[in-house]
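Engineer: What follows is data23.json, JSON, C-alpha atoms.
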[["chain", "number", "residue", "atom", "x", "y", "z"],
["A", 17, "MET", "CA", 55.34, -39.09, -54.95],
["A", 18, "ASN", "CA", 57.91, -39.93, -52.32],
["A", 19, "SER", "CA", 58.18, -38.89, -48.68],
["A", 20, "CYS", "CA", 60.72, -36.20, -49.61],
["A", 21, "ASP", "CA", 57.92, -34.52, -51.64],
["A", 22, "LEU", "CA", 55.95, -33.93, -48.43],
["A", 23, "ALA", "CA", 57.92, -31.04, -46.98],
["A", 24, "VAL", "CA", 54.89, -29.81, -45.01],
["A", 25, "LEU", "CA", 55.00, -32.85, -42.73],
["A", 26, "SER", "CA", 55.97, -32.45, -39.08],
["A", 27, "GLY", "CA", 59.05, -34.56, -39.68],
["A", 28, "TRP", "CA", 59.50, -38.33, -39.60],
["A", 29, "TYR", "CA", 59.39, -40.37, -36.40],
["A", 30, "LEU", "CA", 59.93, -44.06, -35.79],
["A", 31, "PHE", "CA", 56.56, -45.69, -35.19],
["A", 32, "GLU", "CA", 56.87, -47.15, -31.71],
["A", 33, "GLU", "CA", 55.34, -46.94, -28.26],
["A", 34, "GLY", "CA", 55.39, -43.33, -27.07],
["A", 35, "ILE", "CA", 55.09, -41.76, -30.52],
["A", 36, "GLN", "CA", 51.56, -40.62, -29.67],
["A", 37, "ASP", "CA", 53.00, -38.21, -27.08],
["A", 38, "LEU", "CA", 54.62, -36.19, -29.90],
["A", 39, "VAL", "CA", 51.47, -35.95, -32.01],
["A", 40, "PRO", "CA", 49.17, -32.92, -31.71],
["A", 41, "ARG", "CA", 45.54, -33.18, -30.72],
["A", 42, "SER", "CA", 44.18, -31.73, -33.94],
["A", 43, "LYS", "CA", 42.64, -32.75, -37.24],
["A", 44, "GLY", "CA", 45.06, -33.72, -39.95],
["A", 45, "VAL", "CA", 46.62, -36.26, -42.27],
["A", 46, "TYR", "CA", 49.29, -38.82, -41.37],
["A", 47, "VAL", "CA", 51.62, -40.78, -43.63],
["A", 48, "PHE", "CA", 53.59, -43.98, -43.03],
["A", 49, "ARG", "CA", 56.82, -44.63, -44.92],
["A", 50, "THR", "CA", 59.32, -47.47, -45.13],
["A", 51, "SER", "CA", 63.08, -47.20, -44.98],
["A", 52, "ARG", "CA", 63.37, -48.07, -48.67],
["A", 53, "SER", "CA", 61.40, -47.30, -51.80],
["A", 54, "ARG", "CA", 59.25, -50.00, -53.35],
["A", 55, "GLU", "CA", 58.75, -50.49, -57.05],
["A", 56, "LEU", "CA", 55.25, -49.57, -58.22],
["A", 57, "THR", "CA", 53.34, -49.72, -61.51],
["A", 58, "THR", "CA", 55.03, -46.45, -62.46],
["A", 59, "GLY", "CA", 58.16, -45.42, -60.56],
["A", 60, "GLU", "CA", 58.82, -46.13, -56.92],
["A", 61, "SER", "CA", 57.89, -44.71, -53.51],
["A", 62, "ASP", "CA", 58.63, -45.20, -49.83],
["A", 63, "ILE", "CA", 55.08, -44.12, -48.86],
["A", 64, "VAL", "CA", 52.95, -47.11, -47.82],
["A", 65, "TYR", "CA", 49.88, -45.54, -46.19],
["A", 66, "ILE", "CA", 48.06, -42.21, -46.12],
["A", 67, "GLY", "CA", 45.31, -41.70, -43.53],
["A", 68, "ARG", "CA", 43.32, -38.91, -41.94],
["A", 69, "ALA", "CA", 42.01, -37.82, -38.57],
["A", 70, "ASN", "CA", 39.03, -35.61, -39.32],
["A", 71, "GLY", "CA", 38.25, -34.83, -35.70],
["A", 72, "SER", "CA", 34.70, -36.15, -35.73],
["A", 73, "VAL", "CA", 35.79, -39.20, -33.72],
["A", 74, "HIS", "CA", 39.59, -39.02, -33.41],
["A", 75, "ASP", "CA", 42.29, -36.39, -33.61],
["A", 76, "LEU", "CA", 45.79, -37.11, -34.97],
["A", 77, "ARG", "CA", 47.11, -38.28, -31.60],
["A", 78, "LYS", "CA", 44.25, -40.72, -31.02],
["A", 79, "SER", "CA", 44.34, -41.99, -34.62],
["A", 80, "ILE", "CA", 48.06, -42.78, -34.52],
["A", 81, "TYR", "CA", 47.74, -44.26, -31.02],
["A", 82, "LEU", "CA", 45.08, -46.68, -32.31],
["A", 83, "TYR", "CA", 47.68, -48.26, -34.61],
["A", 84, "LEU", "CA", 49.55, -49.26, -31.43],
["A", 85, "ARG", "CA", 46.46, -50.32, -29.47],
["A", 86, "ARG", "CA", 44.22, -51.66, -32.18],
["A", 87, "ASP", "CA", 41.05, -53.64, -31.74],
["A", 88, "PRO", "CA", 40.99, -56.91, -33.75],
["A", 89, "SER", "CA", 37.89, -55.64, -35.58],
["A", 90, "GLN", "CA", 39.91, -52.72, -37.02],
["A", 91, "LYS", "CA", 41.50, -54.66, -39.88],
["A", 92, "THR", "CA", 43.38, -51.79, -41.54],
["A", 93, "LYS", "CA", 44.76, -50.46, -38.24],
["A", 94, "LYS", "CA", 45.84, -53.96, -37.21],
["A", 95, "ARG", "CA", 47.51, -54.72, -40.56],
["A", 96, "VAL", "CA", 49.27, -51.34, -40.83],
["A", 97, "GLY", "CA", 50.25, -51.22, -37.14],
["A", 98, "ASP", "CA", 51.71, -54.73, -37.17],
["A", 99, "MET", "CA", 53.72, -54.08, -40.34],
["A", 100, "ALA", "CA", 54.87, -50.64, -39.15],
["A", 101, "ILE", "CA", 56.37, -52.09, -35.98],
["A", 102, "LEU", "CA", 57.79, -55.21, -37.64],
["A", 103, "GLU", "CA", 59.44, -53.31, -40.51],
["A", 104, "GLY", "CA", 60.45, -50.17, -38.57],
["A", 105, "TRP", "CA", 58.24, -47.71, -40.49],
["A", 106, "GLU", "CA", 58.22, -44.01, -39.76],
["A", 107, "VAL", "CA", 55.19, -41.76, -39.46],
["A", 108, "GLY", "CA", 54.70, -38.06, -40.10],
["A", 109, "TRP", "CA", 51.64, -35.81, -39.95],
["A", 110, "ILE", "CA", 50.21, -32.57, -41.25],
["A", 111, "PRO", "CA", 47.79, -30.76, -38.93],
["A", 112, "THR", "CA", 44.96, -29.22, -40.96],
["A", 113, "GLU", "CA", 41.29, -28.39, -40.54],
["A", 114, "ASP", "CA", 40.64, -29.83, -44.02],
["A", 115, "ALA", "CA", 41.92, -33.38, -43.44],
["A", 116, "VAL", "CA", 39.33, -35.00, -45.72],
["A", 117, "ASN", "CA", 40.34, -32.98, -48.77],
["A", 118, "LEU", "CA", 44.07, -33.13, -48.07],
["A", 119, "GLU", "CA", 43.96, -36.93, -47.78],
["A", 120, "LYS", "CA", 41.93, -37.13, -50.98],
["A", 121, "ASP", "CA", 44.42, -34.83, -52.77],
["A", 122, "LEU", "CA", 47.45, -36.81, -51.60],
["A", 123, "LEU", "CA", 45.89, -40.14, -52.60],
["A", 124, "SER", "CA", 44.87, -38.73, -56.00],
["A", 125, "ARG", "CA", 48.37, -37.36, -56.57],
["A", 126, "PHE", "CA", 49.93, -40.68, -55.59],
["A", 127, "ARG", "CA", 47.62, -42.63, -57.94],
["A", 128, "ARG", "CA", 48.22, -40.16, -60.77],
["A", 129, "GLU", "CA", 52.01, -40.43, -60.42],
["A", 130, "HIS", "CA", 52.25, -44.17, -59.78],
["A", 131, "GLY", "CA", 49.13, -45.75, -61.30],
["A", 132, "VAL", "CA", 48.15, -47.31, -57.94],
["A", 133, "LEU", "CA", 47.35, -46.30, -54.38],
["A", 134, "PRO", "CA", 49.95, -46.70, -51.60],
["A", 135, "GLN", "CA", 50.43, -50.36, -50.72],
["A", 136, "GLN", "CA", 48.33, -50.35, -47.53],
["A", 137, "ASN", "CA", 45.59, -48.09, -48.99],
["A", 138, "LYS", "CA", 44.69, -50.69, -51.62],
["A", 139, "ASN", "CA", 41.42, -51.68, -49.96],
["A", 140, "MET", "CA", 40.08, -48.14, -50.19],
["A", 141, "PRO", "CA", 37.78, -47.00, -53.02]]
Taking this structure as input, can you express it in the form of structure tokens?

Structural biologist:
Amino acid sequence: MNSCDLAVLSGWYLFEEGIQDLVPRSKGVYVFRTSRSRELTTGESDIVYIGRANGSVHDLRKSIYLYLRRDPSQKTKKRVGDMAILEGWEVGWIPTEDAVNLEKDLLSRFRREHGVLPQQNKNMP
């Protein structure tokens, strides 16, 4: 699975200050990608992280904003946010009421196609 397989995304936007102003205040799934594909166990992909905003605490806008303004206790957000800015990653999102299942489906599809989770999702079960 590569970013071009995710046609339902909003589009791709450089992850930088101000990006949160473009993001809707709704539940959904967001995806980070790099500018080049990375070799994986099976095949290659430019997708490095898949996350969700299920609305119980944060919507898409707030979730993506937290990667810019992360608390040191939020290890994944700090790691992903730092790398996204340093390496010039892009982010896209899919507004949906069923963010939990869409994230699960995308991660399952990625693992099925590549034998591993996206690089920055590795600490997830």

Engineer: Expressed in Å to a single decimal, how great is the separation between atom CA of A:Tyr65 and atom CA of A:Glu113?

Structural biologist: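 Atom CA of A:Tyr65 sits 20.0 Å away from atom CA of A:Glu113.
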
Engineer: Using all atoms listed in the file, find the one residue out of A:Leu118, A:Ile110, A:Val132, A:Val64 that sits nearest to A:Ala23.

Structural biologist: A:Ile110

Engineer: If you measure from atom CA of A:Glu103 to atom CA of A:Asp62, what distance in Å do you get, rounded to one decimal?

Structural biologist: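 Pair atom CA of A:Glu103 / atom CA of A:Asp62 returns 12.4 Å.
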
Engineer: Restricting the calculation to all atoms listed in the file, which member of A:Cys20, A:Val47, A:Pro134, A:Gly34 is positioned closest to A:Glu106?

Structural biologist: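 With all atoms listed in the file as the atom set, the closest residue is A:Val47.
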
Engineer: Could you give me, as a PyMOL selection string, the residues within 9 Å of A:Glu60, counting only C-alpha atoms and dropping anything in the same chain fewer than 5 positions from it?

Structural biologist: chain A and resi 17-18+53-55+130

Engineer: Please return the centre and edge lengths, in Å to one decimal, of a box with edges along x, y and z that contains all listed atoms of stretch 130-137 of chain A, widened by 8 Å on every side, as lines of an AutoDock Vina configuration file.

Structural biologist:
center_x = 48.9
center_y = -47.3
center_z = -54.4
size_x = 22.7
size_y = 22.2
size_z = 29.8

Engineer: Return the single residue from A:Leu30, A:Gly67, A:Phe48, A:Leu25 that is closest to A:Val116, with distances computed using only C-alpha atoms.

Structural biologist: A:Gly67

Engineer: As an exercise, work out the distance from atom CA of A:Gly71 to atom CA of A:Gln136 in Å and give it to one decimal place.

Structural biologist: 22.0 Å

Engineer: Here is a test: counting only C-alpha atoms, which residue of A:Asn70, A:Ser89, A:Thr50, A:Gln36 is nearest to A:Asp114?

Structural biologist: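 Checking each candidate against A:Asp114, we get A:Asn70 as the closest.
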
Engineer: Which polymer residues, whether protein, DNA or RNA, lie within 12 Å of the coordinate (49.6, -40.2, -55.9) when you count only C-alpha atoms? List them as a PyMOL selection string, using the chain letters and numbers from the file.

Structural biologist: chain A and resi 17-19+21-22+56-66+118-135+137

Engineer: Which one of A:Ser51, A:Leu102, A:Arg68, A:Glu32 sits closest to A:Leu84 if you count all atoms listed in the file?

Structural biologist: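 Closest residue, counting all atoms listed in the file: A:Glu32.
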
Engineer: List the neighbours of A:Tyr81 out to 12 Å using all atoms listed in the file; skip same-chain residues closer than 2 positions along the sequence, and give me the result as a VMD selection string.

Structural biologist: chain A and resid 31 to 41 46 69 74 to 79 83 to 87 93 to 94 97 107

Engineer: Could you give me stretch 75-96 of chain A completed to N, CA and C atoms, formatted as a PDB file, keeping the file's coordinate frame?

Structural biologist:
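The resulting file, out-v3.pdb, is reproduced below:
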ATOM      1  N   ASP A  75      41.307 -37.372 -33.148  1.00  0.00           N
ATOM      2  CA  ASP A  75      42.290 -36.390 -33.610  1.00  0.00           C
ATOM      3  C   ASP A  75      43.539 -37.158 -34.062  1.00  0.00           C
ATOM      4  N   LEU A  76      44.571 -36.447 -34.510  1.00  0.00           N
ATOM      5  CA  LEU A  76      45.790 -37.110 -34.970  1.00  0.00           C
ATOM      6  C   LEU A  76      46.399 -38.009 -33.898  1.00  0.00           C
ATOM      7  N   ARG A  77      46.496 -37.495 -32.678  1.00  0.00           N
ATOM      8  CA  ARG A  77      47.110 -38.280 -31.600  1.00  0.00           C
ATOM      9  C   ARG A  77      46.368 -39.591 -31.390  1.00  0.00           C
ATOM     10  N   LYS A  78      45.058 -39.516 -31.267  1.00  0.00           N
ATOM     11  CA  LYS A  78      44.250 -40.720 -31.020  1.00  0.00           C
ATOM     12  C   LYS A  78      44.330 -41.676 -32.216  1.00  0.00           C
ATOM     13  N   SER A  79      44.278 -41.135 -33.425  1.00  0.00           N
ATOM     14  CA  SER A  79      44.340 -41.990 -34.620  1.00  0.00           C
ATOM     15  C   SER A  79      45.644 -42.763 -34.687  1.00  0.00           C
ATOM     16  N   ILE A  80      46.759 -42.099 -34.464  1.00  0.00           N
ATOM     17  CA  ILE A  80      48.060 -42.780 -34.520  1.00  0.00           C
ATOM     18  C   ILE A  80      48.199 -43.753 -33.345  1.00  0.00           C
ATOM     19  N   TYR A  81      47.709 -43.373 -32.182  1.00  0.00           N
ATOM     20  CA  TYR A  81      47.740 -44.260 -31.020  1.00  0.00           C
ATOM     21  C   TYR A  81      46.991 -45.559 -31.300  1.00  0.00           C
ATOM     22  N   LEU A  82      45.874 -45.481 -32.035  1.00  0.00           N
ATOM     23  CA  LEU A  82      45.080 -46.680 -32.310  1.00  0.00           C
ATOM     24  C   LEU A  82      45.826 -47.705 -33.160  1.00  0.00           C
ATOM     25  N   TYR A  83      46.864 -47.292 -33.874  1.00  0.00           N
ATOM     26  CA  TYR A  83      47.680 -48.260 -34.610  1.00  0.00           C
ATOM     27  C   TYR A  83      48.548 -49.068 -33.646  1.00  0.00           C
ATOM     28  N   LEU A  84      48.810 -48.529 -32.466  1.00  0.00           N
ATOM     29  CA  LEU A  84      49.550 -49.260 -31.430  1.00  0.00           C
ATOM     30  C   LEU A  84      48.622 -50.115 -30.586  1.00  0.00           C
ATOM     31  N   ARG A  85      47.438 -49.633 -30.316  1.00  0.00           N
ATOM     32  CA  ARG A  85      46.460 -50.320 -29.470  1.00  0.00           C
ATOM     33  C   ARG A  85      45.201 -50.631 -30.267  1.00  0.00           C
ATOM     34  N   ARG A  86      45.334 -51.409 -31.280  1.00  0.00           N
ATOM     35  CA  ARG A  86      44.220 -51.660 -32.180  1.00  0.00           C
ATOM     36  C   ARG A  86      43.313 -52.783 -31.695  1.00  0.00           C
ATOM     37  N   ASP A  87      42.068 -52.636 -31.996  1.00  0.00           N
ATOM     38  CA  ASP A  87      41.050 -53.640 -31.740  1.00  0.00           C
ATOM     39  C   ASP A  87      41.089 -54.633 -32.909  1.00  0.00           C
ATOM     40  N   PRO A  88      40.945 -55.929 -32.652  1.00  0.00           N
ATOM     41  CA  PRO A  88      40.990 -56.910 -33.750  1.00  0.00           C
ATOM     42  C   PRO A  88      39.969 -56.657 -34.860  1.00  0.00           C
ATOM     43  N   SER A  89      38.896 -55.930 -34.557  1.00  0.00           N
ATOM     44  CA  SER A  89      37.890 -55.640 -35.580  1.00  0.00           C
ATOM     45  C   SER A  89      38.337 -54.530 -36.534  1.00  0.00           C
ATOM     46  N   GLN A  90      39.392 -53.807 -36.174  1.00  0.00           N
ATOM     47  CA  GLN A  90      39.910 -52.720 -37.020  1.00  0.00           C
ATOM     48  C   GLN A  90      40.999 -53.299 -37.919  1.00  0.00           C
ATOM     49  N   LYS A  91      40.578 -53.900 -39.028  1.00  0.00           N
ATOM     50  CA  LYS A  91      41.500 -54.660 -39.880  1.00  0.00           C
ATOM     51  C   LYS A  91      42.634 -53.811 -40.447  1.00  0.00           C
ATOM     52  N   THR A  92      42.332 -52.617 -40.955  1.00  0.00           N
ATOM     53  CA  THR A  92      43.380 -51.790 -41.540  1.00  0.00           C
ATOM     54  C   THR A  92      44.373 -51.360 -40.460  1.00  0.00           C
ATOM     55  N   LYS A  93      43.871 -50.897 -39.312  1.00  0.00           N
ATOM     56  CA  LYS A  93      44.760 -50.460 -38.240  1.00  0.00           C
ATOM     57  C   LYS A  93      45.627 -51.616 -37.741  1.00  0.00           C
ATOM     58  N   LYS A  94      45.067 -52.800 -37.645  1.00  0.00           N
ATOM     59  CA  LYS A  94      45.840 -53.960 -37.210  1.00  0.00           C
ATOM     60  C   LYS A  94      46.922 -54.297 -38.232  1.00  0.00           C
ATOM     61  N   ARG A  95      46.551 -54.370 -39.507  1.00  0.00           N
ATOM     62  CA  ARG A  95      47.510 -54.720 -40.560  1.00  0.00           C
ATOM     63  C   ARG A  95      48.636 -53.680 -40.642  1.00  0.00           C
ATOM     64  N   VAL A  96      48.277 -52.408 -40.706  1.00  0.00           N
ATOM     65  CA  VAL A  96      49.270 -51.340 -40.830  1.00  0.00           C
ATOM     66  C   VAL A  96      50.121 -51.264 -39.561  1.00  0.00           C
TER      67      VAL A  96
END
